[in-house]
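Asker: Provided herewith: upload-v5.txt, compact mmCIF, C-alpha atoms.
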# COMPACT_ATOMS: atom_id res chain seq x y z
CA MET A 1 32.58 76.27 44.23
CA LEU A 2 32.03 72.89 45.89
CA PRO A 3 32.30 69.61 44.02
CA PRO A 4 28.81 67.96 43.53
CA THR A 5 29.84 64.83 45.39
CA ILE A 6 30.32 66.52 48.67
CA PRO A 7 27.38 65.76 51.01
CA THR A 8 25.32 68.74 52.06
CA SER A 9 25.10 67.50 55.60
CA PHE A 10 27.45 65.80 57.86
CA VAL A 11 24.64 64.23 59.90
CA PRO A 12 24.72 60.47 59.16
CA ARG A 13 21.49 58.70 58.15
CA SER A 14 20.32 55.87 60.40
CA ALA A 15 20.59 52.30 58.95
CA SER A 16 17.04 51.37 60.05
CA THR A 17 15.49 54.07 57.88
CA ALA A 18 17.21 52.77 54.72
CA SER A 19 16.13 49.21 55.44
CA HIS A 20 12.55 50.28 56.02
CA ARG A 21 12.49 52.15 52.73
CA PHE A 22 13.87 49.11 50.83
CA HIS A 23 11.27 46.88 52.49
CA THR A 24 8.47 49.24 51.56
CA ASP A 25 9.59 49.38 47.91
CA PHE A 26 9.91 45.59 47.67
CA THR A 27 6.47 45.06 49.14
CA GLY A 28 5.03 47.53 46.68
CA VAL A 29 6.57 45.70 43.73
CA PHE A 30 5.45 42.35 45.09
CA ASP A 31 1.89 43.61 45.48
CA LEU A 32 1.94 45.00 41.97
CA LEU A 33 3.09 41.65 40.59
CA MET A 34 0.28 39.88 42.40
CA TYR A 35 -2.28 42.21 40.88
CA ILE A 36 -0.71 41.85 37.46
CA ALA A 37 -0.89 38.05 37.81
CA LEU A 38 -4.55 38.34 38.74
CA GLY A 39 -5.18 40.58 35.75
CA ILE A 40 -3.40 38.19 33.38
CA SER A 41 -5.41 35.29 34.79
CA PHE A 42 -8.64 37.13 34.14
CA ILE A 43 -7.58 38.09 30.62
CA LEU A 44 -6.49 34.52 29.85
CA ALA A 45 -9.75 33.16 31.21
CA ILE A 46 -11.70 35.53 28.99
CA VAL A 47 -9.56 34.63 25.96
CA VAL A 48 -9.96 30.90 26.60
CA PHE A 49 -13.68 31.30 27.09
CA SER A 50 -14.05 33.32 23.89
CA TYR A 51 -11.82 30.95 21.93
CA GLY A 52 -13.93 28.02 23.16
CA ARG A 53 -17.09 29.78 22.00
CA ILE A 54 -15.55 30.52 18.60
CA LEU A 55 -14.37 26.92 18.22
CA SER A 56 -17.76 25.62 19.27
CA ALA A 57 -19.50 27.80 16.69
CA SER A 58 -16.99 26.77 14.03
CA GLN A 59 -17.43 23.09 14.84
CA SER A 60 -21.18 23.44 14.71
CA ALA A 61 -20.97 25.12 11.29
CA LYS A 62 -18.62 22.46 9.96
CA ASP A 63 -20.82 19.68 11.31
CA THR A 64 -23.76 21.19 9.48
CA ALA A 65 -21.75 21.52 6.27
CA LEU A 66 -20.57 17.93 6.61
CA ALA A 67 -24.10 16.68 7.16
CA GLN A 68 -25.19 18.52 4.02
CA ALA A 69 -22.28 17.10 2.04
CA GLU A 70 -23.09 13.63 3.33
CA SER A 71 -26.75 13.95 2.43
CA ALA A 72 -25.71 15.02 -1.08
CA ILE A 73 -24.06 11.62 -1.59
CA ASN A 74 -26.49 9.26 -3.22
CA PRO A 75 -25.59 5.61 -2.49
CA ALA A 76 -27.50 4.51 -5.59
CA THR A 77 -25.31 6.71 -7.78
CA VAL A 78 -22.19 5.33 -6.14
CA GLU A 79 -23.42 1.77 -6.64
CA GLU A 80 -24.23 2.57 -10.27
CA PHE A 81 -20.72 3.88 -10.89
CA VAL A 82 -19.12 0.91 -9.15
CA ARG A 83 -21.13 -1.52 -11.26
CA LEU A 84 -20.35 0.36 -14.44
CA ARG A 85 -16.65 0.34 -13.57
CA ASP A 86 -16.80 -3.40 -12.80
CA ARG A 87 -18.74 -4.07 -15.97
CA LEU A 88 -16.30 -2.17 -18.16
CA ALA A 89 -13.17 -3.57 -16.51
CA LEU A 90 -14.40 -7.15 -16.33
CA GLY A 91 -15.90 -6.95 -19.78
CA ASN A 92 -12.55 -5.88 -21.12
CA THR A 93 -10.77 -8.75 -19.39
CA LEU A 94 -13.36 -11.31 -20.41
CA LEU A 95 -13.31 -10.11 -23.98
CA ALA A 96 -9.51 -10.46 -24.05
CA GLY A 97 -9.93 -14.14 -23.17
CA HIS A 98 -13.00 -14.74 -25.31
CA THR A 99 -12.68 -17.93 -27.34
CA ALA A 100 -13.62 -18.36 -30.97
CA PHE A 101 -13.48 -22.03 -31.92
CA SER A 102 -15.03 -21.29 -35.31
CA LYS A 103 -11.60 -20.06 -36.48
CA PHE A 104 -10.11 -23.40 -35.51
CA PHE A 105 -12.78 -25.38 -37.34
CA SER A 106 -12.31 -23.24 -40.46
CA SER A 107 -8.55 -23.76 -40.32
CA LEU A 108 -8.94 -27.48 -39.69
CA GLY A 109 -11.13 -27.82 -42.76
CA THR A 110 -8.45 -26.09 -44.82
CA LEU A 111 -5.48 -27.90 -43.36
CA MET A 112 -6.72 -31.46 -43.32
CA PRO A 113 -6.42 -33.45 -46.53
CA ALA A 114 -9.75 -34.68 -47.84
CA THR A 115 -8.47 -38.23 -47.39
CA VAL A 116 -8.34 -37.85 -43.62
CA ARG A 117 -11.41 -37.52 -41.47
CA PHE A 118 -12.10 -37.38 -37.79
CA SER A 119 -14.67 -39.58 -36.15
CA LEU A 120 -14.24 -37.92 -32.78
CA LEU A 121 -12.87 -34.50 -31.93
CA HIS A 122 -12.58 -32.94 -28.52
CA LEU A 123 -11.49 -29.39 -27.69
CA SER A 124 -11.09 -28.39 -24.07
CA PHE A 125 -9.12 -26.19 -21.71
CA ASP A 126 -6.50 -27.67 -19.42
CA ASP A 127 -5.73 -26.47 -15.90
CA LYS A 128 -3.39 -23.80 -17.22
CA GLY A 129 -6.01 -22.39 -19.55
CA LYS A 130 -4.40 -23.81 -22.69
CA VAL A 131 -6.59 -25.39 -25.34
CA LYS A 132 -6.16 -29.11 -25.83
CA PHE A 133 -7.10 -30.79 -29.04
CA GLU A 134 -7.76 -34.53 -28.94
CA GLY A 135 -9.30 -36.64 -31.62
CA SER A 136 -9.42 -39.90 -33.44
CA GLY A 137 -10.12 -40.69 -37.05
CA VAL A 138 -9.28 -42.57 -40.17
CA ALA A 139 -6.93 -41.73 -43.04
CA LYS A 140 -7.25 -43.30 -46.47
CA ASN A 141 -3.69 -44.52 -46.24
CA PHE A 142 -0.46 -43.84 -44.44
CA ASN A 143 0.60 -41.18 -46.92
CA ALA A 144 -2.60 -39.24 -46.24
CA LEU A 145 -1.86 -39.35 -42.53
CA ALA A 146 1.69 -38.18 -43.17
CA ALA A 147 0.34 -35.32 -45.28
CA ALA A 148 -1.92 -34.31 -42.40
CA SER A 149 1.01 -34.40 -39.98
CA THR A 150 3.11 -32.29 -42.35
CA ALA A 151 0.28 -29.80 -42.79
CA PHE A 152 0.01 -29.36 -39.03
CA ALA A 153 3.75 -28.90 -38.69
CA GLN A 154 3.89 -26.33 -41.50
CA ASP A 155 0.94 -24.37 -40.20
CA GLY A 156 2.43 -24.12 -36.70
CA ARG A 157 -0.77 -23.16 -34.92
CA ILE A 158 -1.65 -26.75 -34.05
CA LYS A 159 1.33 -27.46 -31.85
CA ASP A 160 2.88 -30.65 -30.55
CA ALA A 161 0.58 -32.78 -32.71
CA ILE A 162 1.21 -36.38 -31.70
CA PHE A 163 -0.43 -39.13 -33.71
CA SER A 164 -0.77 -42.36 -31.78
CA ASN A 165 -2.64 -45.67 -31.87
CA ILE A 166 -1.84 -45.87 -35.55
CA VAL A 167 -3.34 -49.06 -36.94
CA VAL A 168 -3.30 -50.03 -40.58
CA ASN A 169 -6.35 -51.89 -41.77
CA PRO A 170 -5.05 -54.73 -43.97
CA ARG A 171 -8.27 -54.91 -45.98
CA ASP A 172 -8.10 -51.41 -47.52
CA ASN A 173 -4.80 -50.03 -46.17
CA SER A 174 -6.74 -47.33 -44.31
CA VAL A 175 -5.10 -46.05 -41.15
CA SER A 176 -6.91 -45.31 -37.93
CA PHE A 177 -5.24 -42.95 -35.51
CA ALA A 178 -5.57 -40.87 -32.38
CA LEU A 179 -4.29 -37.33 -32.16
CA ALA A 180 -3.34 -35.10 -29.26
CA ALA A 181 -2.18 -31.53 -29.75
CA ALA A 182 -2.16 -28.11 -28.22
CA LEU A 183 -3.63 -25.10 -29.97
CA ASP A 184 -1.96 -21.76 -30.37
CA PRO A 185 -4.07 -19.31 -28.33
CA LYS A 186 -4.21 -17.04 -31.38
CA LEU A 187 -6.08 -19.78 -33.23
CA VAL A 188 -8.98 -19.61 -30.80
CA ALA A 189 -8.75 -15.95 -29.82
CA PHE A 190 -11.75 -13.86 -30.68
CA SER A 191 -11.16 -10.88 -32.93
CA PRO A 192 -14.08 -8.59 -33.71
CA MET B 1 -0.87 43.28 57.95
CA ASN B 2 -4.11 44.04 56.14
CA SER B 3 -2.15 45.43 53.23
CA ARG B 4 -0.68 41.90 52.66
CA ILE B 5 -4.01 40.08 52.50
CA LEU B 6 -5.29 41.50 49.24
CA PRO B 7 -2.17 40.78 47.09
CA ILE B 8 -1.94 37.27 48.48
CA PHE B 9 -5.64 36.77 47.82
CA ALA B 10 -5.11 38.06 44.29
CA LEU B 11 -2.30 35.55 43.80
CA LEU B 12 -4.43 32.70 45.09
CA VAL B 13 -7.34 33.71 42.88
CA SER B 14 -5.11 33.93 39.80
CA ILE B 15 -3.65 30.50 40.57
CA GLY B 16 -7.14 29.15 41.13
CA ILE B 17 -8.38 30.59 37.82
CA PHE B 18 -5.45 29.06 35.97
CA PHE B 19 -5.71 25.58 37.41
CA ALA B 20 -9.49 25.43 37.79
CA TYR B 21 -10.54 26.92 34.47
CA ILE B 22 -7.84 27.93 31.96
CA ARG B 23 -5.74 24.79 31.96
CA PRO B 24 -8.54 22.15 32.01
CA THR B 25 -10.55 24.09 29.42
CA TRP B 26 -7.55 24.42 27.11
CA SER B 27 -6.52 20.81 27.34
CA GLY B 28 -10.08 19.52 27.57
CA SER B 29 -12.97 20.96 25.63
CA ILE B 30 -10.84 23.23 23.44
CA ALA B 31 -8.44 20.44 22.47
CA THR B 32 -11.40 18.16 21.73
CA ALA B 33 -13.08 20.85 19.64
CA ARG B 34 -9.88 21.49 17.70
CA ALA B 35 -9.45 17.78 16.99
CA ALA B 36 -13.10 17.53 15.88
CA ILE B 37 -12.68 20.54 13.62
CA ALA B 38 -9.54 19.06 12.08
CA SER B 39 -11.43 15.81 11.46
CA ASP B 40 -14.35 17.76 9.98
CA ASN B 41 -11.97 19.64 7.72
CA GLN B 42 -10.56 16.36 6.42
CA ALA B 43 -14.05 14.98 5.87
CA LEU B 44 -15.14 18.15 4.10
CA ALA B 45 -12.09 18.03 1.85
CA ALA B 46 -12.90 14.40 1.03
CA ALA B 47 -16.53 15.32 0.38
CA SER B 48 -15.44 18.12 -1.90
CA GLU B 49 -13.11 15.78 -3.77
CA TYR B 50 -15.90 13.21 -4.01
CA ALA B 51 -18.30 15.79 -5.43
CA ALA B 52 -15.75 16.88 -8.03
CA GLN B 53 -15.03 13.29 -9.01
CA GLN B 54 -18.72 12.45 -9.15
CA ASN B 55 -19.34 15.35 -11.52
CA GLU B 56 -16.42 14.20 -13.63
CA LEU B 57 -17.79 10.65 -13.74
CA ILE B 58 -21.28 11.84 -14.57
CA SER B 59 -19.86 13.83 -17.48
CA ALA B 60 -17.86 10.81 -18.65
CA ARG B 61 -20.90 8.53 -18.39
CA ASN B 62 -23.10 11.02 -20.20
CA ALA B 63 -20.55 11.09 -22.98
CA ILE B 64 -21.16 7.36 -23.59
CA ASP B 65 -23.91 6.60 -26.03
CA PRO B 66 -26.92 5.19 -24.08
CA THR B 67 -27.19 2.43 -26.68
CA ASN B 68 -23.66 1.35 -25.90
CA LEU B 69 -24.42 1.45 -22.18
CA ALA B 70 -27.38 -0.83 -22.80
CA ARG B 71 -25.14 -3.12 -24.85
CA ILE B 72 -22.52 -3.37 -22.14
CA THR B 73 -25.30 -4.18 -19.67
CA MET B 74 -26.49 -6.90 -22.01
CA PHE B 75 -22.89 -8.07 -22.46
CA LEU B 76 -22.47 -8.60 -18.72
CA PRO B 77 -25.95 -8.56 -17.19
CA ASP B 78 -26.99 -8.15 -13.58
CA SER B 79 -28.58 -11.59 -13.33
CA VAL B 80 -27.92 -15.03 -14.75
CA ASP B 81 -31.24 -15.26 -16.68
CA ASN B 82 -30.28 -18.65 -18.10
CA VAL B 83 -33.84 -19.40 -19.22
CA GLY B 84 -33.89 -16.37 -21.51
CA LEU B 85 -30.46 -17.34 -22.74
CA ILE B 86 -31.58 -20.89 -23.56
CA LEU B 87 -34.45 -19.46 -25.61
CA ASN B 88 -31.97 -17.28 -27.50
CA LEU B 89 -29.62 -20.23 -28.02
CA ASN B 90 -32.49 -22.30 -29.35
CA ALA B 91 -33.39 -19.55 -31.80
CA LEU B 92 -29.75 -19.22 -32.86
CA ALA B 93 -29.47 -22.99 -33.35
CA ALA B 94 -32.62 -22.98 -35.47
CA ARG B 95 -31.26 -20.16 -37.63
CA SER B 96 -27.95 -21.98 -38.01
CA GLY B 97 -29.56 -25.28 -38.97
CA LEU B 98 -28.61 -27.02 -35.76
CA SER B 99 -31.03 -28.98 -33.64
CA LEU B 100 -30.59 -28.62 -29.88
CA SER B 101 -31.55 -31.73 -27.99
CA ASN B 102 -30.54 -31.17 -24.42
CA VAL B 103 -29.62 -28.08 -22.43
CA ASP B 104 -28.66 -28.17 -18.79
CA VAL B 105 -26.86 -26.18 -16.14
CA ILE B 106 -24.10 -28.44 -15.02
CA ALA B 107 -22.11 -26.33 -12.60
CA SER B 108 -22.98 -23.34 -10.58
CA SER B 109 -19.78 -21.53 -10.00
CA ALA B 110 -19.14 -19.18 -7.15
CA SER B 111 -17.35 -15.89 -7.50
CA THR B 112 -14.03 -17.62 -6.86
CA ARG B 113 -14.44 -19.59 -10.03
CA GLY B 114 -15.31 -16.44 -11.85
CA THR B 115 -12.17 -14.91 -10.49
CA SER B 116 -10.04 -17.75 -11.72
CA ALA B 117 -11.64 -17.52 -15.12
CA VAL B 118 -11.36 -13.81 -15.40
CA GLY B 119 -8.28 -12.87 -13.47
CA ALA B 120 -7.68 -10.75 -10.47
CA LEU B 121 -10.36 -8.15 -10.90
CA SER B 122 -11.90 -8.03 -7.52
CA VAL B 123 -12.96 -5.50 -4.96
CA SER B 124 -12.18 -6.28 -1.32
CA GLY B 125 -11.03 -9.75 -2.28
CA VAL B 126 -14.43 -10.76 -3.63
CA SER B 127 -14.88 -10.93 -7.35
CA PRO B 128 -18.02 -9.12 -8.50
CA ILE B 129 -18.53 -11.66 -11.26
CA ASN B 130 -20.23 -15.03 -11.28
CA SER B 131 -20.27 -17.66 -13.96
CA VAL B 132 -22.12 -20.83 -14.72
CA ASP B 133 -21.55 -23.58 -17.27
CA LEU B 134 -24.30 -24.65 -19.58
CA SER B 135 -24.10 -28.00 -21.29
CA LEU B 136 -25.91 -28.56 -24.53
CA SER B 137 -26.19 -31.32 -27.08
CA ALA B 138 -26.96 -30.72 -30.71
CA ILE B 139 -27.20 -32.42 -34.05
CA GLY B 140 -26.43 -30.91 -37.41
CA SER B 141 -24.03 -30.47 -40.25
CA TYR B 142 -20.49 -29.18 -39.96
CA ALA B 143 -21.50 -25.91 -41.64
CA ALA B 144 -24.37 -25.55 -39.19
CA LEU B 145 -21.96 -25.98 -36.30
CA GLN B 146 -19.69 -23.30 -37.69
CA ALA B 147 -22.61 -20.90 -38.13
CA PHE B 148 -23.77 -21.66 -34.59
CA LEU B 149 -20.29 -21.08 -33.17
CA VAL B 150 -19.94 -17.78 -35.00
CA GLY B 151 -23.32 -16.73 -33.57
CA ILE B 152 -22.19 -17.62 -30.04
CA GLU B 153 -18.86 -15.85 -30.43
CA LYS B 154 -20.55 -12.67 -31.61
CA SER B 155 -23.43 -12.93 -29.18
CA GLU B 156 -24.36 -9.67 -27.47
CA ARG B 157 -24.19 -11.55 -24.18
CA LEU B 158 -20.73 -12.91 -23.56
CA LEU B 159 -20.59 -16.70 -24.00
CA ASP B 160 -17.39 -18.71 -23.95
CA VAL B 161 -17.22 -22.21 -25.38
CA ARG B 162 -15.19 -24.10 -22.78
CA ASP B 163 -15.45 -27.59 -24.18
CA ILE B 164 -16.71 -29.13 -27.37
CA VAL B 165 -16.96 -32.73 -28.55
CA VAL B 166 -17.76 -33.56 -32.16
CA LYS B 167 -18.77 -37.08 -33.09
CA GLY B 168 -18.71 -37.85 -36.76
CA SER B 169 -20.91 -40.03 -38.84
CA ASP B 170 -21.03 -41.26 -42.40
CA THR B 171 -24.22 -39.35 -43.10
CA GLY B 172 -22.64 -35.91 -42.71
CA VAL B 173 -24.80 -35.16 -39.69
CA TYR B 174 -22.70 -34.80 -36.59
CA THR B 175 -23.44 -34.94 -32.91
CA TYR B 176 -22.10 -32.13 -30.76
CA GLN B 177 -21.71 -31.68 -27.06
CA MET B 178 -20.71 -28.26 -25.83
CA LEU B 179 -20.02 -26.53 -22.60
CA LEU B 180 -20.79 -22.83 -22.64
CA ARG B 181 -19.80 -20.48 -19.86
CA LEU B 182 -21.94 -17.45 -19.19
CA TYR B 183 -21.15 -14.59 -16.85
CA TRP B 184 -23.03 -12.01 -14.86
CA LEU B 185 -22.37 -9.40 -12.22
CA HIS B 186 -23.72 -10.19 -8.79
Would you give me this structure, written as structure tokens?

Answerer:
Amino acid sequence: MLPPTIPTSFVPRSASTASHRFHTDFTGVFDLLMYIALGISFILAIVVFSYGRILSASQSAKDTALAQAESAINPATVEEFVRLRDRLALGNTLLAGHTAFSKFFSSLGTLMPATVRFSLLHLSFDDKGKVKFEGSGVAKNFNALAAASTAFAQDGRIKDAIFSNIVVNPRDNSVSFALAAALDPKLVAFSP
Amino acid sequence: MNSRILPIFALLVSIGIFFAYIRPTWSGSIATARAAIASDNQALAAASEYAAQQNELISARNAIDPTNLARITMFLPDSVDNVGLILNLNALAARSGLSLSNVDVIASSASTRGTSAVGALSVSGVSPINSVDLSLSAIGSYAALQAFLVGIEKSERLLDVRDIVVKGSDTGVYTYQMLLRLYWLH
């Protein structure tokens, strides 16, 4: 029994035949690759073309849907909502700063002694939005004016009340005066 | 030699297809279409959100009593209508026992003034509110003034007294000068 590795013939093969066979195999593989590349190119071209069509159809559908959604928006409704929002928000803010001077006049009538009266009274807002109270008047005597000053101080809502230009009339001891003060915002704040 | 021509031709054709069609189409029209679709998707999502919010707002508005909506419109109207207001003030003064002698618009304020009066409630930097000051002179008793002021403070249309001067007299009839500020949405 012969070992399987022993050649069956002792005639040597020529080197040119082996080279030719290798060349033929390589060429065959190369050709196959070229055809595969061509096939892949065709397939890719078809895929890209189809994908483009699909995208185009999708875009067209979305454009239509968007146009419909846009046409469903009514600018008048939007404007109405914006105005209602502004009205509610601004109304709230304005109402928070709404002034009610009637409260001040009621308080003034209660606080001031009957022996003191104003001949001129001026309420206004300064640059910072605080209410200024300026006035001038006549008190029956100095004690009446002092009572008014004490009443303001005790009440606390008429702040920094400064009486000035105090002049005593020698004929009847009446006292004329000027007054400058600041009002507590609560005193002129509106409450429903 | 002929057996080489076809594979090489196939290679050239495949290269030509790639560079002449596949690549420019992918990076050109397909990329553009994808970007447009992405943009459309965003817009559609926003439109959907808008529609949902609009429905929500409509429900909220419908829940408000129409009478109250009319009152808030009267509270802050769409136009200044100072002539109608003067008529109402005159009627209020008459009811209060006050006699109006002179009414005038003394300052037309732009939206900036409205902003300073109201605060920073503005859209796109422009306040949607305008205001104007109305000066009026009146004569009457102290009680009449108080009744008039209460009427103004509780007026359906918002009116703010910005300035008031009271001049006394021995007769009990006083002279008043007032500055009223009225507001409206523009």

Asker: With only C-alpha atoms as the atoms that count, which of A:Thr99, A:Ser50, A:Asn92, A:Gln68 lies nearest to chain B?

Answerer: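 Ranked by minimum distance to chain B, first place goes to A:Thr99.
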
Asker: Out of A:Leu108, A:Ile162, A:Ala189, A:Leu38, which residue has the shortest atom-to-atom distance to Ile8 in chain B when counting all atoms listed in the file?

Answerer: A:Leu38

Asker: Can you write out as JSON lines which residues of chain A fall within 8 Å of chain B, alongside each residue's closest atom pair and its distance in Å to one decimal, counting all atoms listed in the file and ordering rows by chain and ascending residue number?

Answerer:
{"residue": "A:Asp31", "atom": "CA", "partner": "B:Pro7", "partner_atom": "CA", "distance": 5.2}
{"residue": "A:Leu32", "atom": "CA", "partner": "B:Pro7", "partner_atom": "CA", "distance": 7.8}
{"residue": "A:Met34", "atom": "CA", "partner": "B:Leu11", "partner_atom": "CA", "distance": 5.2}
{"residue": "A:Tyr35", "atom": "CA", "partner": "B:Ala10", "partner_atom": "CA", "distance": 6.1}
{"residue": "A:Ala37", "atom": "CA", "partner": "B:Ser14", "partner_atom": "CA", "distance": 6.2}
{"residue": "A:Leu38", "atom": "CA", "partner": "B:Ser14", "partner_atom": "CA", "distance": 4.6}
{"residue": "A:Gly39", "atom": "CA", "partner": "B:Ser14", "partner_atom": "CA", "distance": 7.8}
{"residue": "A:Ile40", "atom": "CA", "partner": "B:Ser14", "partner_atom": "CA", "distance": 7.9}
{"residue": "A:Ser41", "atom": "CA", "partner": "B:Ser14", "partner_atom": "CA", "distance": 5.2}
{"residue": "A:Phe42", "atom": "CA", "partner": "B:Ser14", "partner_atom": "CA", "distance": 7.4}
{"residue": "A:Leu44", "atom": "CA", "partner": "B:Ile22", "partner_atom": "CA", "distance": 7.1}
{"residue": "A:Ala45", "atom": "CA", "partner": "B:Ile22", "partner_atom": "CA", "distance": 5.6}
{"residue": "A:Val48", "atom": "CA", "partner": "B:Ile22", "partner_atom": "CA", "distance": 6.5}
{"residue": "A:Tyr51", "atom": "CA", "partner": "B:Ile30", "partner_atom": "CA", "distance": 7.9}
{"residue": "A:Gly52", "atom": "CA", "partner": "B:Ile30", "partner_atom": "CA", "distance": 5.7}
{"residue": "A:Leu55", "atom": "CA", "partner": "B:Ala33", "partner_atom": "CA", "distance": 6.4}
{"residue": "A:Ser56", "atom": "CA", "partner": "B:Ala33", "partner_atom": "CA", "distance": 6.7}
{"residue": "A:Ser58", "atom": "CA", "partner": "B:Ile37", "partner_atom": "CA", "distance": 7.6}
{"residue": "A:Gln59", "atom": "CA", "partner": "B:Ile37", "partner_atom": "CA", "distance": 5.5}
{"residue": "A:Lys62", "atom": "CA", "partner": "B:Asp40", "partner_atom": "CA", "distance": 6.4}
{"residue": "A:Asp63", "atom": "CA", "partner": "B:Asp40", "partner_atom": "CA", "distance": 6.9}
{"residue": "A:Ala65", "atom": "CA", "partner": "B:Leu44", "partner_atom": "CA", "distance": 7.7}
{"residue": "A:Leu66", "atom": "CA", "partner": "B:Leu44", "partner_atom": "CA", "distance": 6.0}
{"residue": "A:Ala69", "atom": "CA", "partner": "B:Ala47", "partner_atom": "CA", "distance": 6.2}
{"residue": "A:Glu70", "atom": "CA", "partner": "B:Ala47", "partner_atom": "CA", "distance": 7.4}
{"residue": "A:Phe81", "atom": "CA", "partner": "B:Leu57", "partner_atom": "CA", "distance": 7.9}
{"residue": "A:Asp86", "atom": "CA", "partner": "B:Pro128", "partner_atom": "CA", "distance": 7.3}
{"residue": "A:Arg87", "atom": "CA", "partner": "B:Leu76", "partner_atom": "CA", "distance": 6.5}
{"residue": "A:Leu88", "atom": "CA", "partner": "B:Ile72", "partner_atom": "CA", "distance": 7.5}
{"residue": "A:Ala89", "atom": "CA", "partner": "B:Leu121", "partner_atom": "CA", "distance": 7.8}
{"residue": "A:Leu90", "atom": "CA", "partner": "B:Leu121", "partner_atom": "CA", "distance": 6.8}
{"residue": "A:Gly91", "atom": "CA", "partner": "B:Leu76", "partner_atom": "CA", "distance": 6.9}
{"residue": "A:Thr93", "atom": "CA", "partner": "B:Val118", "partner_atom": "CA", "distance": 6.5}
{"residue": "A:Leu94", "atom": "CA", "partner": "B:Val118", "partner_atom": "CA", "distance": 5.9}
{"residue": "A:Leu95", "atom": "CA", "partner": "B:Leu158", "partner_atom": "CA", "distance": 7.9}
{"residue": "A:Gly97", "atom": "CA", "partner": "B:Val118", "partner_atom": "CA", "distance": 7.9}
{"residue": "A:His98", "atom": "CA", "partner": "B:Asp160", "partner_atom": "CA", "distance": 6.1}
{"residue": "A:Thr99", "atom": "CA", "partner": "B:Asp160", "partner_atom": "CA", "distance": 5.9}
{"residue": "A:Ala100", "atom": "CA", "partner": "B:Glu153", "partner_atom": "CA", "distance": 5.8}
{"residue": "A:Phe101", "atom": "CA", "partner": "B:Leu149", "partner_atom": "CA", "distance": 7.0}
{"residue": "A:Ser102", "atom": "CA", "partner": "B:Gln146", "partner_atom": "CA", "distance": 5.6}
{"residue": "A:Phe105", "atom": "CA", "partner": "B:Gln146", "partner_atom": "CA", "distance": 7.2}
{"residue": "A:Ser106", "atom": "CA", "partner": "B:Gln146", "partner_atom": "CA", "distance": 7.9}
{"residue": "A:Phe118", "atom": "CA", "partner": "B:Gly168", "partner_atom": "CA", "distance": 6.7}
{"residue": "A:Ser119", "atom": "CA", "partner": "B:Gly168", "partner_atom": "CA", "distance": 4.4}
{"residue": "A:Leu120", "atom": "CA", "partner": "B:Lys167", "partner_atom": "CA", "distance": 4.6}
{"residue": "A:Leu121", "atom": "CA", "partner": "B:Val166", "partner_atom": "CA", "distance": 5.0}
{"residue": "A:His122", "atom": "CA", "partner": "B:Val165", "partner_atom": "CA", "distance": 4.4}
{"residue": "A:Leu123", "atom": "CA", "partner": "B:Ile164", "partner_atom": "CA", "distance": 5.2}
{"residue": "A:Ser124", "atom": "CA", "partner": "B:Asp163", "partner_atom": "CA", "distance": 4.4}
{"residue": "A:Phe125", "atom": "CA", "partner": "B:Arg162", "partner_atom": "CA", "distance": 6.5}
{"residue": "A:Phe190", "atom": "CA", "partner": "B:Glu153", "partner_atom": "CA", "distance": 7.4}
{"residue": "A:Pro192", "atom": "CA", "partner": "B:Lys154", "partner_atom": "CA", "distance": 7.9}

Asker: Dump C-alpha atoms for the selected residues as a short mmCIF file (atom, residue, chain, number, x, y, z; two decimals), in the frame of the given file?

Answerer:
data_model
loop_
_atom_site.label_atom_id
_atom_site.label_comp_id
_atom_site.auth_asym_id
_atom_site.auth_seq_id
_atom_site.Cartn_x
_atom_site.Cartn_y
_atom_site.Cartn_z
CA ASP A 31 1.89 43.61 45.48
CA LEU A 32 1.94 45.00 41.97
CA MET A 34 0.28 39.88 42.40
CA TYR A 35 -2.28 42.21 40.88
CA ALA A 37 -0.89 38.05 37.81
CA LEU A 38 -4.55 38.34 38.74
CA GLY A 39 -5.18 40.58 35.75
CA ILE A 40 -3.40 38.19 33.38
CA SER A 41 -5.41 35.29 34.79
CA PHE A 42 -8.64 37.13 34.14
CA LEU A 44 -6.49 34.52 29.85
CA ALA A 45 -9.75 33.16 31.21
CA VAL A 48 -9.96 30.90 26.60
CA TYR A 51 -11.82 30.95 21.93
CA GLY A 52 -13.93 28.02 23.16
CA LEU A 55 -14.37 26.92 18.22
CA SER A 56 -17.76 25.62 19.27
CA SER A 58 -16.99 26.77 14.03
CA GLN A 59 -17.43 23.09 14.84
CA LYS A 62 -18.62 22.46 9.96
CA ASP A 63 -20.82 19.68 11.31
CA ALA A 65 -21.75 21.52 6.27
CA LEU A 66 -20.57 17.93 6.61
CA ALA A 69 -22.28 17.10 2.04
CA GLU A 70 -23.09 13.63 3.33
CA PHE A 81 -20.72 3.88 -10.89
CA ASP A 86 -16.80 -3.40 -12.80
CA ARG A 87 -18.74 -4.07 -15.97
CA LEU A 88 -16.30 -2.17 -18.16
CA ALA A 89 -13.17 -3.57 -16.51
CA LEU A 90 -14.40 -7.15 -16.33
CA GLY A 91 -15.90 -6.95 -19.78
CA THR A 93 -10.77 -8.75 -19.39
CA LEU A 94 -13.36 -11.31 -20.41
CA LEU A 95 -13.31 -10.11 -23.98
CA GLY A 97 -9.93 -14.14 -23.17
CA HIS A 98 -13.00 -14.74 -25.31
CA THR A 99 -12.68 -17.93 -27.34
CA ALA A 100 -13.62 -18.36 -30.97
CA PHE A 101 -13.48 -22.03 -31.92
CA SER A 102 -15.03 -21.29 -35.31
CA PHE A 105 -12.78 -25.38 -37.34
CA SER A 106 -12.31 -23.24 -40.46
CA PHE A 118 -12.10 -37.38 -37.79
CA SER A 119 -14.67 -39.58 -36.15
CA LEU A 120 -14.24 -37.92 -32.78
CA LEU A 121 -12.87 -34.50 -31.93
CA HIS A 122 -12.58 -32.94 -28.52
CA LEU A 123 -11.49 -29.39 -27.69
CA SER A 124 -11.09 -28.39 -24.07
CA PHE A 125 -9.12 -26.19 -21.71
CA PHE A 190 -11.75 -13.86 -30.68
CA PRO A 192 -14.08 -8.59 -33.71
#
